[in-house]
$ cat structure-v4.txt   # compact mmCIF, C-alpha atoms and all ligand atoms
# COMPACT_ATOMS: atom_id res chain seq x y z
CA MET A 121 94.03 262.46 173.45
CA ARG A 122 94.96 262.12 169.78
CA SER A 123 92.35 263.15 167.21
CA ALA A 124 90.70 260.20 165.48
CA LYS A 125 91.97 261.73 162.19
CA ASP A 126 95.58 261.43 163.35
CA PHE A 127 95.29 258.00 164.88
CA PHE A 128 96.58 256.17 161.82
CA ALA A 129 99.33 258.66 160.93
CA PRO A 130 102.90 257.45 161.58
CA LEU A 131 104.34 258.88 164.82
CA ALA A 132 107.70 259.67 163.20
CA VAL A 133 108.62 260.93 159.75
CA GLY A 134 109.58 257.92 157.63
CA ALA A 135 107.98 255.32 159.92
CA PRO A 136 105.68 252.76 158.28
CA ALA A 137 101.95 253.48 158.30
CA PRO A 138 100.14 251.88 161.27
CA VAL A 139 97.94 248.86 160.52
CA ARG A 140 94.20 249.51 160.31
CA GLU A 141 93.37 245.95 161.25
CA VAL A 142 95.45 243.58 163.36
CA PRO A 143 96.33 240.60 161.18
CA ALA A 144 94.51 237.46 162.41
CA ARG A 145 97.56 235.19 162.47
CA PRO A 146 97.22 231.94 164.41
CA SER A 147 98.96 232.19 167.77
CA ARG A 148 97.73 229.25 169.80
CA ALA A 149 101.01 228.92 171.69
CA ILE A 150 103.44 231.74 172.39
CA HIS A 151 106.48 229.66 173.28
CA PHE A 152 108.96 231.33 175.64
CA PHE A 153 112.68 230.70 175.41
CA ASP A 154 115.59 232.33 177.19
CA PRO A 155 118.09 233.39 174.51
CA SER A 156 120.89 233.41 177.12
CA ASN A 157 120.32 229.70 177.83
CA PRO A 158 122.46 227.79 175.29
CA LYS A 159 120.36 224.61 175.49
CA MET A 160 117.09 226.45 174.85
CA ALA A 161 118.59 228.66 172.16
CA ALA A 162 119.93 225.61 170.33
CA LYS A 163 116.42 224.16 170.16
CA VAL A 164 114.86 227.22 168.47
CA PRO A 165 115.63 226.39 164.79
CA ALA A 166 114.04 222.94 165.12
CA MET A 167 110.94 224.44 166.76
CA VAL A 168 110.15 226.62 163.73
CA GLY A 169 106.95 225.32 162.14
CA THR A 170 105.96 223.33 165.24
CA VAL A 171 104.64 226.33 167.15
CA ASP A 172 102.80 229.46 166.03
CA VAL A 173 104.95 231.97 167.96
CA LEU A 174 108.52 231.79 169.28
CA LEU A 175 109.18 234.47 171.88
CA GLY A 176 112.66 235.47 172.99
CA ASN A 177 112.15 236.42 176.62
CA LEU A 178 114.34 239.17 178.06
CA GLU A 179 112.36 239.92 181.24
CA ASP A 180 111.53 237.86 184.35
CA ALA A 181 113.05 234.34 184.38
CA VAL A 182 116.24 235.72 182.79
CA LYS A 183 118.86 236.31 185.45
CA ALA A 184 119.88 239.95 186.01
CA ASP A 185 123.49 239.19 185.08
CA LYS A 186 122.36 237.54 181.82
CA LYS A 187 120.23 240.39 180.47
CA ILE A 188 122.76 241.57 177.92
CA GLU A 189 123.63 238.01 176.90
CA ALA A 190 119.91 237.32 176.38
CA ARG A 191 119.46 240.44 174.24
CA GLU A 192 122.53 239.65 172.14
CA GLY A 193 121.48 236.00 171.89
CA LEU A 194 118.10 237.06 170.54
CA VAL A 195 119.76 239.31 167.96
CA ARG A 196 121.92 236.37 166.82
CA ILE A 197 118.93 234.00 166.64
CA GLY A 198 116.82 236.61 164.84
CA GLN A 199 119.54 237.15 162.25
CA GLU A 200 120.45 233.51 161.70
CA VAL A 201 117.17 231.61 161.85
CA ASP A 202 114.62 231.50 159.03
CA PHE A 203 111.32 231.62 160.92
CA GLY A 204 109.16 230.63 157.95
CA PRO A 205 105.52 230.53 159.04
CA THR A 206 106.36 230.97 162.73
CA GLN A 207 106.10 234.45 164.21
CA LEU A 208 109.00 235.93 166.17
CA TRP A 209 108.07 237.94 169.26
CA THR A 210 110.07 239.28 172.16
CA ARG A 211 109.20 240.23 175.73
CA ILE A 212 111.28 243.28 176.63
CA ASN A 213 112.14 244.29 180.18
CA SER A 214 109.72 246.50 182.07
CA LEU A 215 109.76 250.18 181.16
CA ASP A 216 111.13 251.24 184.56
CA SER A 217 114.03 248.77 184.42
CA PRO A 218 117.64 249.60 183.44
CA TRP A 219 117.30 247.41 180.32
CA ALA A 220 114.09 248.31 178.43
CA LEU A 221 115.51 251.23 176.44
CA ASP A 222 118.53 249.25 175.25
CA ASP A 223 116.29 246.28 174.47
CA LEU A 224 114.34 248.35 171.96
CA THR A 225 117.22 250.41 170.57
CA THR A 226 119.23 247.20 169.99
CA LEU A 227 116.51 244.87 168.70
CA VAL A 228 114.72 247.15 166.25
CA PRO A 229 117.74 248.08 164.08
CA ALA A 230 119.18 244.55 164.25
CA ILE A 231 116.14 242.32 163.76
CA GLY A 232 113.16 244.70 163.49
CA HIS A 233 112.38 243.39 160.00
CA LYS A 234 111.82 239.93 161.52
CA LEU A 235 110.09 240.94 164.76
CA ASP A 236 106.32 240.67 164.58
CA VAL A 237 105.37 241.72 168.10
CA VAL A 238 107.00 243.34 171.13
CA MET A 239 105.42 242.22 174.39
CA VAL A 240 105.56 244.91 177.07
CA PRO A 241 105.29 243.73 180.69
CA LYS A 242 103.65 245.47 183.65
CA VAL A 243 101.71 247.95 181.53
CA GLN A 244 99.87 250.35 183.84
CA GLY A 245 97.94 252.54 181.45
CA ALA A 246 97.79 254.14 178.01
CA GLU A 247 100.85 256.29 178.84
CA ASP A 248 103.10 253.21 178.74
CA ILE A 249 101.82 252.24 175.30
CA HIS A 250 102.18 255.83 174.03
CA TYR A 251 105.84 255.83 175.09
CA VAL A 252 106.60 252.54 173.32
CA ASP A 253 104.52 253.59 170.30
CA ARG A 254 106.52 256.76 169.63
CA LEU A 255 109.88 255.16 170.37
CA LEU A 256 109.14 252.27 168.02
CA ALA A 257 108.10 254.72 165.27
CA GLN A 258 111.40 256.61 165.64
CA LEU A 259 113.42 253.40 165.58
CA GLU A 260 111.47 251.97 162.64
CA ALA A 261 112.03 255.17 160.65
CA LYS A 262 115.75 255.11 161.42
CA ALA A 263 116.00 251.42 160.48
CA GLY A 264 113.98 251.92 157.28
CA LEU A 265 111.43 249.26 158.26
CA GLU A 266 108.53 248.78 155.88
CA ARG A 267 105.96 247.35 158.27
CA PRO A 268 105.18 248.38 161.84
CA ILE A 269 106.08 246.18 164.78
CA LEU A 270 102.97 245.42 166.84
CA VAL A 271 102.68 245.73 170.61
CA HIS A 272 101.26 243.25 173.12
CA ALA A 273 100.69 244.23 176.75
CA ILE A 274 100.75 241.97 179.80
CA LEU A 275 97.95 242.62 182.26
CA GLU A 276 99.75 242.10 185.53
CA THR A 277 99.07 245.06 187.81
CA ALA A 278 95.86 246.18 189.48
CA ARG A 279 96.19 249.55 187.74
CA GLY A 280 96.62 247.82 184.39
CA VAL A 281 93.40 245.88 184.97
CA ALA A 282 91.57 249.07 185.99
CA ASN A 283 92.80 250.72 182.76
CA VAL A 284 92.39 247.72 180.47
CA GLU A 285 90.11 249.41 177.93
CA GLU A 286 92.36 252.45 177.47
CA ILE A 287 95.40 250.18 177.10
CA CYS A 288 93.70 248.23 174.31
CA GLY A 289 92.76 251.43 172.48
CA ALA A 290 96.01 253.34 173.05
CA SER A 291 97.59 252.68 169.65
CA PRO A 292 96.85 251.01 166.33
CA ARG A 293 99.92 248.89 167.13
CA MET A 294 98.06 247.09 169.93
CA GLN A 295 97.92 243.42 168.92
CA GLY A 296 96.65 241.87 172.14
CA LEU A 297 96.83 241.29 175.88
CA SER A 298 98.01 238.40 178.03
CA LEU A 299 97.11 237.64 181.61
CA GLY A 300 100.10 237.85 183.96
CA PRO A 301 98.80 235.89 186.94
CA ALA A 302 102.02 235.83 188.98
CA ASP A 303 102.79 239.55 189.07
CA LEU A 304 99.09 240.39 189.18
CA ALA A 305 98.57 238.19 192.23
CA ALA A 306 101.49 239.90 193.99
CA ASP A 307 100.33 243.39 193.01
CA ARG A 308 96.79 242.70 194.20
CA ARG A 309 98.12 241.10 197.39
CA MET A 310 96.29 237.88 196.58
CA LYS A 311 97.38 235.07 198.90
CA THR A 312 98.58 232.62 196.28
CA THR A 313 102.10 231.41 195.59
CA ARG A 314 101.52 229.77 192.19
CA VAL A 315 102.07 230.88 188.59
CA GLY A 316 98.52 230.76 187.22
CA GLY A 317 96.03 227.95 187.62
CA GLY A 318 93.61 227.25 190.43
CA HIS A 319 93.86 227.05 194.19
CA PRO A 320 92.16 224.41 196.39
CA GLY A 321 91.17 227.05 198.93
CA TYR A 322 89.17 229.12 196.43
CA LEU A 323 85.93 227.20 196.47
CA VAL A 324 82.23 227.14 197.15
CA ARG A 325 80.61 224.47 199.32
CA GLN A 326 77.29 222.74 198.94
CA ASP A 327 74.61 223.91 201.38
CA PRO A 328 74.35 221.78 204.54
CA PRO A 329 71.61 219.15 204.63
CA LYS A 330 68.81 219.71 207.15
CA GLY A 331 68.40 217.43 210.18
CA GLU A 332 65.03 216.02 211.27
CA ASP A 333 64.45 219.05 213.44
CA GLY A 334 65.17 221.33 210.47
CA THR A 335 68.57 222.55 211.69
CA ALA A 336 71.51 222.80 209.29
CA GLN A 337 73.99 219.92 209.63
CA ILE A 338 77.10 221.96 208.97
CA GLU A 339 79.44 219.11 209.94
CA ALA A 340 77.88 216.76 207.34
CA GLN A 341 79.81 215.64 204.26
CA ARG A 342 79.29 218.42 201.66
CA ALA A 343 80.66 218.67 198.16
CA THR A 344 83.02 221.52 197.37
CA TYR A 345 83.67 223.01 193.96
CA GLN A 346 86.96 224.69 193.19
CA GLN A 347 86.47 228.06 191.47
CA ASP A 348 88.59 229.79 188.83
CA LEU A 349 90.64 232.59 190.42
CA TRP A 350 91.24 234.14 187.00
CA HIS A 351 87.73 234.19 185.60
CA TYR A 352 87.06 237.86 186.34
CA THR A 353 90.30 239.13 184.86
CA VAL A 354 90.22 236.91 181.77
CA ALA A 355 86.60 237.91 181.10
CA ARG A 356 87.46 241.64 181.41
CA MET A 357 90.43 241.16 179.16
CA VAL A 358 88.36 239.32 176.53
CA ASP A 359 85.71 242.07 176.46
CA ALA A 360 88.28 244.87 176.25
CA CYS A 361 90.15 243.12 173.43
CA ALA A 362 86.99 242.29 171.46
CA ALA A 363 85.78 245.88 171.81
CA HIS A 364 89.07 247.11 170.30
CA GLY A 365 89.59 244.45 167.62
CA ILE A 366 92.67 242.94 169.27
CA TYR A 367 93.44 239.49 170.70
CA PRO A 368 93.29 238.11 174.27
CA TYR A 369 95.58 235.32 175.56
CA TYR A 370 95.79 233.36 178.76
CA GLY A 371 99.36 233.51 180.16
CA PRO A 372 101.70 231.10 181.92
CA PHE A 373 100.77 227.88 183.69
CA GLY A 374 103.68 227.28 186.02
CA ASP A 375 103.02 223.67 187.08
CA ILE A 376 104.81 222.10 184.13
CA THR A 377 104.19 218.56 185.42
CA ASP A 378 100.40 218.97 185.81
CA VAL A 379 99.47 218.71 182.14
CA VAL A 380 95.85 217.93 183.03
CA ALA A 381 95.15 221.10 185.03
CA CYS A 382 97.14 223.06 182.45
CA GLU A 383 94.82 221.80 179.72
CA ASP A 384 91.76 222.71 181.82
CA GLN A 385 93.02 226.26 182.42
CA PHE A 386 93.82 226.70 178.72
CA ARG A 387 90.41 225.34 177.71
CA ASN A 388 88.57 227.73 180.05
CA ALA A 389 90.41 230.60 178.36
CA PHE A 390 89.64 229.23 174.87
CA LEU A 391 85.94 228.87 175.67
CA LEU A 392 85.81 232.39 177.12
CA GLY A 393 87.28 233.91 173.93
CA CYS A 394 91.08 233.79 174.19
CA VAL A 395 92.91 232.92 170.97
CA GLY A 396 96.01 231.41 172.58
CA THR A 397 98.21 231.03 175.60
CA TRP A 398 101.84 230.85 176.68
CA SER A 399 104.01 227.78 176.61
CA LEU A 400 106.91 227.72 179.07
CA HIS A 401 108.14 224.21 178.34
CA PRO A 402 108.14 222.22 175.08
CA LYS A 403 105.48 219.87 176.44
CA GLN A 404 102.97 222.72 176.79
CA ILE A 405 103.03 223.43 173.04
CA ALA A 406 101.02 220.35 172.09
CA ILE A 407 98.48 221.11 174.83
CA ALA A 408 98.00 224.66 173.58
CA ASN A 409 97.79 223.62 169.92
CA ARG A 410 95.15 221.02 170.78
CA VAL A 411 93.06 223.25 173.04
CA PHE A 412 93.11 226.38 170.87
CA SER A 413 92.13 224.51 167.69
CA PRO A 414 88.37 223.92 167.36
CA SER A 415 87.53 220.23 167.66
CA VAL A 416 86.42 218.20 164.64
CA GLU A 417 83.01 217.75 166.36
CA ASP A 418 82.59 221.52 166.73
CA ILE A 419 83.55 222.16 163.10
CA ARG A 420 81.26 219.38 161.87
CA HIS A 421 78.36 220.94 163.78
CA ALA A 422 79.29 224.52 162.79
CA ARG A 423 79.37 223.62 159.09
CA ARG A 424 75.97 221.91 159.35
CA VAL A 425 74.51 225.06 160.93
CA VAL A 426 76.03 227.23 158.19
CA ALA A 427 74.53 224.96 155.52
CA ALA A 428 71.15 224.77 157.25
CA MET A 429 70.91 228.53 157.72
CA GLY A 430 71.05 229.31 153.98
CA ASP A 431 71.07 233.11 153.65
CA GLY A 432 71.88 233.40 157.36
CA THR A 433 68.54 234.70 158.58
CA GLY A 434 65.55 233.12 160.28
CA ALA A 435 65.40 230.07 162.55
CA VAL A 436 65.74 226.33 161.88
CA MET A 437 65.67 223.14 163.98
CA LEU A 438 68.80 220.97 163.92
CA ASP A 439 69.07 217.87 166.14
CA GLY A 440 66.20 219.19 168.25
CA LYS A 441 67.85 222.56 168.84
CA MET A 442 66.96 226.01 167.56
CA GLU A 443 69.56 227.71 165.38
CA ASP A 444 69.25 231.30 164.19
CA ASP A 445 71.25 234.34 163.04
CA ALA A 446 73.09 234.56 166.38
CA SER A 447 74.05 230.89 166.70
CA LEU A 448 75.18 231.07 163.08
CA LYS A 449 77.57 233.88 164.02
CA GLN A 450 79.05 231.70 166.77
CA CYS A 451 79.52 228.88 164.26
CA LEU A 452 81.20 231.26 161.80
CA VAL A 453 83.76 232.22 164.48
CA MET A 454 84.70 228.52 164.66
CA VAL A 455 84.68 227.95 160.90
CA ASP A 456 86.84 231.05 160.23
CA LEU A 457 89.34 229.97 162.90
CA ALA A 458 89.46 226.46 161.47
CA GLU A 459 90.25 227.88 158.02
CA GLN A 460 93.09 230.05 159.39
CA LEU A 461 94.56 227.10 161.29
CA ALA A 462 94.18 224.66 158.39
CA ALA A 463 96.22 227.06 156.27
CA ILE A 464 99.26 226.58 158.54
CA ASP A 465 98.67 223.16 160.12
CA PRO A 466 98.54 220.28 157.59
CA GLU A 467 97.46 217.68 160.18
CA LEU A 468 94.53 219.83 161.26
CA LYS A 469 93.63 220.50 157.61
CA LYS A 470 93.44 216.74 157.03
CA GLN A 471 91.09 216.34 160.00
CA TYR A 472 88.82 219.21 158.96
CA ASP A 473 88.82 218.13 155.27
CA ALA A 474 87.82 214.60 156.29
CA ILE A 475 84.51 216.01 157.56
CA ASP A 476 83.51 216.79 153.96
CA ALA A 477 84.07 213.14 152.99
CA GLU A 478 81.74 211.82 155.72
CA PRO A 479 78.40 210.35 154.63
CA GLN A 480 75.52 212.85 154.84
CA GLY A 481 73.80 212.80 158.24
CA ALA A 482 76.92 211.47 160.03
C1 LIG B 501 105.63 234.51 185.33
C2 LIG B 501 106.34 234.60 184.01
O1 LIG B 501 106.87 235.62 183.66
S1 LIG B 501 106.28 233.21 183.01
C3 LIG B 501 107.42 233.56 181.71
C4 LIG B 501 108.86 233.48 182.12
N1 LIG B 501 109.30 232.12 182.37
C5 LIG B 501 109.87 231.40 181.39
O2 LIG B 501 110.05 231.87 180.28
C6 LIG B 501 110.28 229.99 181.75
C7 LIG B 501 110.72 229.22 180.51
N2 LIG B 501 110.99 227.85 180.84
C8 LIG B 501 112.05 227.44 181.57
O3 LIG B 501 112.86 228.27 182.02
C9 LIG B 501 112.24 225.98 181.77
O4 LIG B 501 111.33 225.27 180.99
C10 LIG B 501 112.07 225.50 183.24
C11 LIG B 501 113.06 226.20 184.16
C12 LIG B 501 110.65 225.78 183.72
C13 LIG B 501 112.30 223.98 183.27
O5 LIG B 501 113.54 223.75 182.64
P1 LIG B 501 114.27 222.34 182.79
O6 LIG B 501 114.41 222.02 184.24
O7 LIG B 501 115.50 222.37 181.96
O8 LIG B 501 113.19 221.38 182.16
P2 LIG B 501 113.41 219.95 181.54
O9 LIG B 501 114.58 219.26 182.18
O10 LIG B 501 112.12 219.22 181.56
O11 LIG B 501 113.77 220.29 180.02
C14 LIG B 501 113.87 219.30 179.05
C15 LIG B 501 114.62 219.86 177.86
O12 LIG B 501 113.83 220.92 177.27
C16 LIG B 501 114.58 222.12 177.25
N3 LIG B 501 113.67 223.22 177.55
C17 LIG B 501 113.04 223.50 178.72
N4 LIG B 501 112.27 224.59 178.58
C18 LIG B 501 112.41 225.01 177.31
C19 LIG B 501 111.89 226.08 176.58
N5 LIG B 501 111.07 226.97 177.15
N6 LIG B 501 112.23 226.21 175.28
C20 LIG B 501 113.07 225.33 174.69
N7 LIG B 501 113.63 224.29 175.34
C21 LIG B 501 113.30 224.13 176.64
C22 LIG B 501 115.64 221.96 178.33
O13 LIG B 501 116.75 222.79 178.05
C23 LIG B 501 115.96 220.50 178.23
O14 LIG B 501 116.84 220.31 177.16
P3 LIG B 501 117.82 219.01 177.06
O15 LIG B 501 116.91 217.82 176.84
O16 LIG B 501 118.69 219.29 175.89
O17 LIG B 501 118.54 218.94 178.38
C1 LIG B 502 103.02 236.40 182.89
C2 LIG B 502 103.72 237.14 183.89
O1 LIG B 502 104.64 237.86 183.60
C3 LIG B 502 103.27 237.01 185.25
O2 LIG B 502 102.41 236.16 185.52
O3 LIG B 502 103.79 237.75 186.09
MG MG B 503 105.22 239.08 185.18

$ encode --input "structure-v4.txt" --output "structure tokens"
Amino acid sequence: MRSAKDFFAPLAVGAPAPVREVPARPSRAIHFFDPSNPKMAAKVPAMVGTVDVLLGNLEDAVKADKKIEAREGLVRIGQEVDFGPTQLWTRINSLDSPWALDDLTTLVPAIGHKLDVVMVPKVQGAEDIHYVDRLLAQLEAKAGLERPILVHAILETARGVANVEEICGASPRMQGLSLGPADLAADRRMKTTRVGGGHPGYLVRQDPPKGEDGTAQIEAQRATYQQDLWHYTVARMVDACAAHGIYPYYGPFGDITDVVACEDQFRNAFLLGCVGTWSLHPKQIAIANRVFSPSVEDIRHARRVVAAMGDGTGAVMLDGKMEDDASLKQCLVMVDLAEQLAAIDPELKKQYDAIDAEPQGA
């Protein structure tokens, strides 16, 4: 294990100094595109400014015979497009694949100055992050980059979940984690065939009513409640990320047509502490932007609590409810997020600013 004193030293002579704090940049939707798909690639310039993160995907969903085309396509897009306020990320191929090394050694010299985050799939433990960490430092030094490229890991193996805390703390480059429900389900031998989302068979059932003789009527009509297959993993991921000052994300929702269930899954993740999610299709961007932006009602309430709490200590009553130091902290999470989002989203800024113009007591 590296000494705490060395943790923030560059891992290669001439590499940029590691960040001491991961920048809190809005990333409600990480929108995936396949740079080898001409139709998708052509849409990228017009998507700048409409989505927080554009991610050139090189891994799964890119055909094996298109891997080099995808990598070269991403280089071209990275060089030609002005990304303005939108972050540019990539998902490289898995570290045991024939492509991962060339992904990094090609992308960093060519577009490293524009790449904000490298997403690494199928991370098993800290050793995978250490490998990428050192390689990136060497490539950054060689390319003369002035700021470090951050690393995001996908949690999609049972071993990765077991090692989630050490993955989060493996490098100052660690920016965040995403849930990878498809590969994780396969690795765990779960019996699902979907990419994220729920399953009608994963449920609890209301207790049976009792008959007159006191026996359970198990054949009676009983309500069932579908449960969230991903709750445990998302909750672990949120805790590990919060403990290490990095950011948790839900991942893909594969049923592109079911925008309602998609929104529900995203909202569960938002409420549990995730800062964003993936978008696989243009129509998922608006869902993610809506869900991962605090509502006007929440911001109105949060600002009232902040105002009512004065110096931030003690307890007050507001609308019949107790507010104190701890509920104030929850409200500040919302208010801070709203400020970050308002800085990049003019429509949201208008909505949040309008709260100030409302009559007192509204
Ligand atoms: C488990 C995991 O690893 S998840 C992550 C990996 N998976 C991905 O990245 C998948 C990315 N998304 C896709 O490949 C596609 O959206 C698909 C295959 C799901 C659906 O694609 P299509 O059948 O073309 O969808 P659809 O016909 O609705 O597309 C409408 C338009 O949006 C475009 N489009 C679709 N997805 C995207 C995208 N992600 N980015 C930009 N444009 C897109 C299509 O090219 C099409 O363009 P056109 O109007 O010029 O013809
Ligand atoms: C996100 C991803 O890669 C997966 O679900 O497998
Ligand atoms: Mg995967």

$ closest_atom_pairs --input "structure-v4.txt" --of "chain A" --to "ligand LIG 501 (chain B)" --cutoff "10 Å" --atoms "all atoms listed in the file" --output "JSON lines"
{"residue": "A:His151", "atom": "CA", "partner": "B:LIG501", "partner_atom": "N5", "distance": 6.6}
{"residue": "A:Phe152", "atom": "CA", "partner": "B:LIG501", "partner_atom": "O2", "distance": 4.8}
{"residue": "A:Phe153", "atom": "CA", "partner": "B:LIG501", "partner_atom": "N5", "distance": 4.4}
{"residue": "A:Asp154", "atom": "CA", "partner": "B:LIG501", "partner_atom": "O2", "distance": 6.4}
{"residue": "A:Pro155", "atom": "CA", "partner": "B:LIG501", "partner_atom": "N6", "distance": 9.3}
{"residue": "A:Asn157", "atom": "CA", "partner": "B:LIG501", "partner_atom": "O13", "distance": 7.8}
{"residue": "A:Pro158", "atom": "CA", "partner": "B:LIG501", "partner_atom": "O13", "distance": 8.1}
{"residue": "A:Lys159", "atom": "CA", "partner": "B:LIG501", "partner_atom": "O13", "distance": 4.8}
{"residue": "A:Met160", "atom": "CA", "partner": "B:LIG501", "partner_atom": "N7", "distance": 4.1}
{"residue": "A:Ala161", "atom": "CA", "partner": "B:LIG501", "partner_atom": "C20", "distance": 6.9}
{"residue": "A:Ala162", "atom": "CA", "partner": "B:LIG501", "partner_atom": "C20", "distance": 8.1}
{"residue": "A:Lys163", "atom": "CA", "partner": "B:LIG501", "partner_atom": "C20", "distance": 5.8}
{"residue": "A:Val164", "atom": "CA", "partner": "B:LIG501", "partner_atom": "C20", "distance": 6.7}
{"residue": "A:Ala166", "atom": "CA", "partner": "B:LIG501", "partner_atom": "C20", "distance": 9.9}
{"residue": "A:Met167", "atom": "CA", "partner": "B:LIG501", "partner_atom": "C20", "distance": 8.3}
{"residue": "A:Leu174", "atom": "CA", "partner": "B:LIG501", "partner_atom": "N6", "distance": 9.0}
{"residue": "A:Leu175", "atom": "CA", "partner": "B:LIG501", "partner_atom": "O2", "distance": 8.8}
{"residue": "A:Gly176", "atom": "CA", "partner": "B:LIG501", "partner_atom": "O2", "distance": 8.5}
{"residue": "A:Asn177", "atom": "CA", "partner": "B:LIG501", "partner_atom": "O2", "distance": 6.2}
{"residue": "A:Leu178", "atom": "CA", "partner": "B:LIG501", "partner_atom": "O2", "distance": 8.8}
{"residue": "A:Glu179", "atom": "CA", "partner": "B:LIG501", "partner_atom": "O1", "distance": 7.4}
{"residue": "A:Asp180", "atom": "CA", "partner": "B:LIG501", "partner_atom": "O1", "distance": 5.2}
{"residue": "A:Ala181", "atom": "CA", "partner": "B:LIG501", "partner_atom": "N1", "distance": 4.8}
{"residue": "A:Val182", "atom": "CA", "partner": "B:LIG501", "partner_atom": "O2", "distance": 7.7}
{"residue": "A:Arg211", "atom": "CA", "partner": "B:LIG501", "partner_atom": "C3", "distance": 9.1}
{"residue": "A:Pro241", "atom": "CA", "partner": "B:LIG501", "partner_atom": "O1", "distance": 8.8}
{"residue": "A:Ile274", "atom": "CA", "partner": "B:LIG501", "partner_atom": "O1", "distance": 9.6}
{"residue": "A:Glu276", "atom": "CA", "partner": "B:LIG501", "partner_atom": "C1", "distance": 9.6}
{"residue": "A:Leu299", "atom": "CA", "partner": "B:LIG501", "partner_atom": "C1", "distance": 9.8}
{"residue": "A:Gly300", "atom": "CA", "partner": "B:LIG501", "partner_atom": "C1", "distance": 6.6}
{"residue": "A:Pro301", "atom": "CA", "partner": "B:LIG501", "partner_atom": "C1", "distance": 7.2}
{"residue": "A:Ala302", "atom": "CA", "partner": "B:LIG501", "partner_atom": "C1", "distance": 5.3}
{"residue": "A:Asp303", "atom": "CA", "partner": "B:LIG501", "partner_atom": "C1", "distance": 6.9}
{"residue": "A:Leu304", "atom": "CA", "partner": "B:LIG501", "partner_atom": "C1", "distance": 9.6}
{"residue": "A:Arg314", "atom": "CA", "partner": "B:LIG501", "partner_atom": "C1", "distance": 9.3}
{"residue": "A:Val315", "atom": "CA", "partner": "B:LIG501", "partner_atom": "C1", "distance": 6.0}
{"residue": "A:Gly316", "atom": "CA", "partner": "B:LIG501", "partner_atom": "C1", "distance": 8.3}
{"residue": "A:Gly371", "atom": "CA", "partner": "B:LIG501", "partner_atom": "S1", "distance": 7.5}
{"residue": "A:Pro372", "atom": "CA", "partner": "B:LIG501", "partner_atom": "S1", "distance": 5.2}
{"residue": "A:Phe373", "atom": "CA", "partner": "B:LIG501", "partner_atom": "S1", "distance": 7.7}
{"residue": "A:Gly374", "atom": "CA", "partner": "B:LIG501", "partner_atom": "S1", "distance": 7.1}
{"residue": "A:Asp375", "atom": "CA", "partner": "B:LIG501", "partner_atom": "C12", "distance": 8.6}
{"residue": "A:Ile376", "atom": "CA", "partner": "B:LIG501", "partner_atom": "C12", "distance": 6.9}
{"residue": "A:Thr377", "atom": "CA", "partner": "B:LIG501", "partner_atom": "O10", "distance": 8.8}
{"residue": "A:Trp398", "atom": "CA", "partner": "B:LIG501", "partner_atom": "C3", "distance": 8.0}
{"residue": "A:Ser399", "atom": "CA", "partner": "B:LIG501", "partner_atom": "N5", "distance": 7.1}
{"residue": "A:Leu400", "atom": "CA", "partner": "B:LIG501", "partner_atom": "C7", "distance": 4.3}
{"residue": "A:His401", "atom": "CA", "partner": "B:LIG501", "partner_atom": "N4", "distance": 4.2}
{"residue": "A:Pro402", "atom": "CA", "partner": "B:LIG501", "partner_atom": "C18", "distance": 5.6}
{"residue": "A:Lys403", "atom": "CA", "partner": "B:LIG501", "partner_atom": "O10", "distance": 8.4}
{"residue": "A:Gln404", "atom": "CA", "partner": "B:LIG501", "partner_atom": "N5", "distance": 9.2}
{"residue": "A:Ile405", "atom": "CA", "partner": "B:LIG501", "partner_atom": "N5", "distance": 9.7}

$ residues_around --input "structure-v4.txt" --residues "segment 242-258 of chain A" --least-positions-apart "5" --cutoff "6 Å" --atoms "only C-alpha atoms" --output "PyMOL selection string"
chain A and resi 131-132+135+274+276+279-280+283+286-287+290

$ atom_distance --input "structure-v4.txt" --atom1 "atom CA of Tyr322 of chain A" --atom2 "atom CA of Cys361 of chain A"
26.9 Å

$ closest_residue --input "structure-v4.txt" --among "A:Thr225, A:Thr170, A:Gln450, A:Ser415" --to "Pro466 of chain A" --atoms "all atoms listed in the file"
A:Thr170

$ closest_residue --input "structure-v4.txt" --among "A:Arg308, A:Lys469, A:His351, A:His364" --to "ligand LIG 502 (chain B)" --atoms "all atoms listed in the file"
A:Arg308

$ closest_residue --input "structure-v4.txt" --among "A:Leu452, A:Ile212, A:Ala355, A:Val133" --to "ligand LIG 502 (chain B)" --atoms "all atoms listed in the file"
A:Ile212

$ residues_around --input "structure-v4.txt" --residues "Arg148 of chain A" --least-positions-apart "4" --cutoff "9 Å" --atoms "only C-alpha atoms" --output "number ranges by chain"
A: 171-173, 369, 395-398, 405, 408-413

$ axis_aligned_box --input "structure-v4.txt" --around "ligand LIG 502 (chain B)" --padding-each-side "4 Å" --output "lines of an AutoDock Vina configuration file"
center_x = 103.5
center_y = 237.0
center_z = 184.5
size_x = 10.2
size_y = 9.7
size_z = 11.2

$ closest_residue --input "structure-v4.txt" --among "A:Gly193, A:Pro328, A:Pro205, A:Pro138" --to "Ala230 of chain A" --atoms "all atoms listed in the file"
A:Gly193
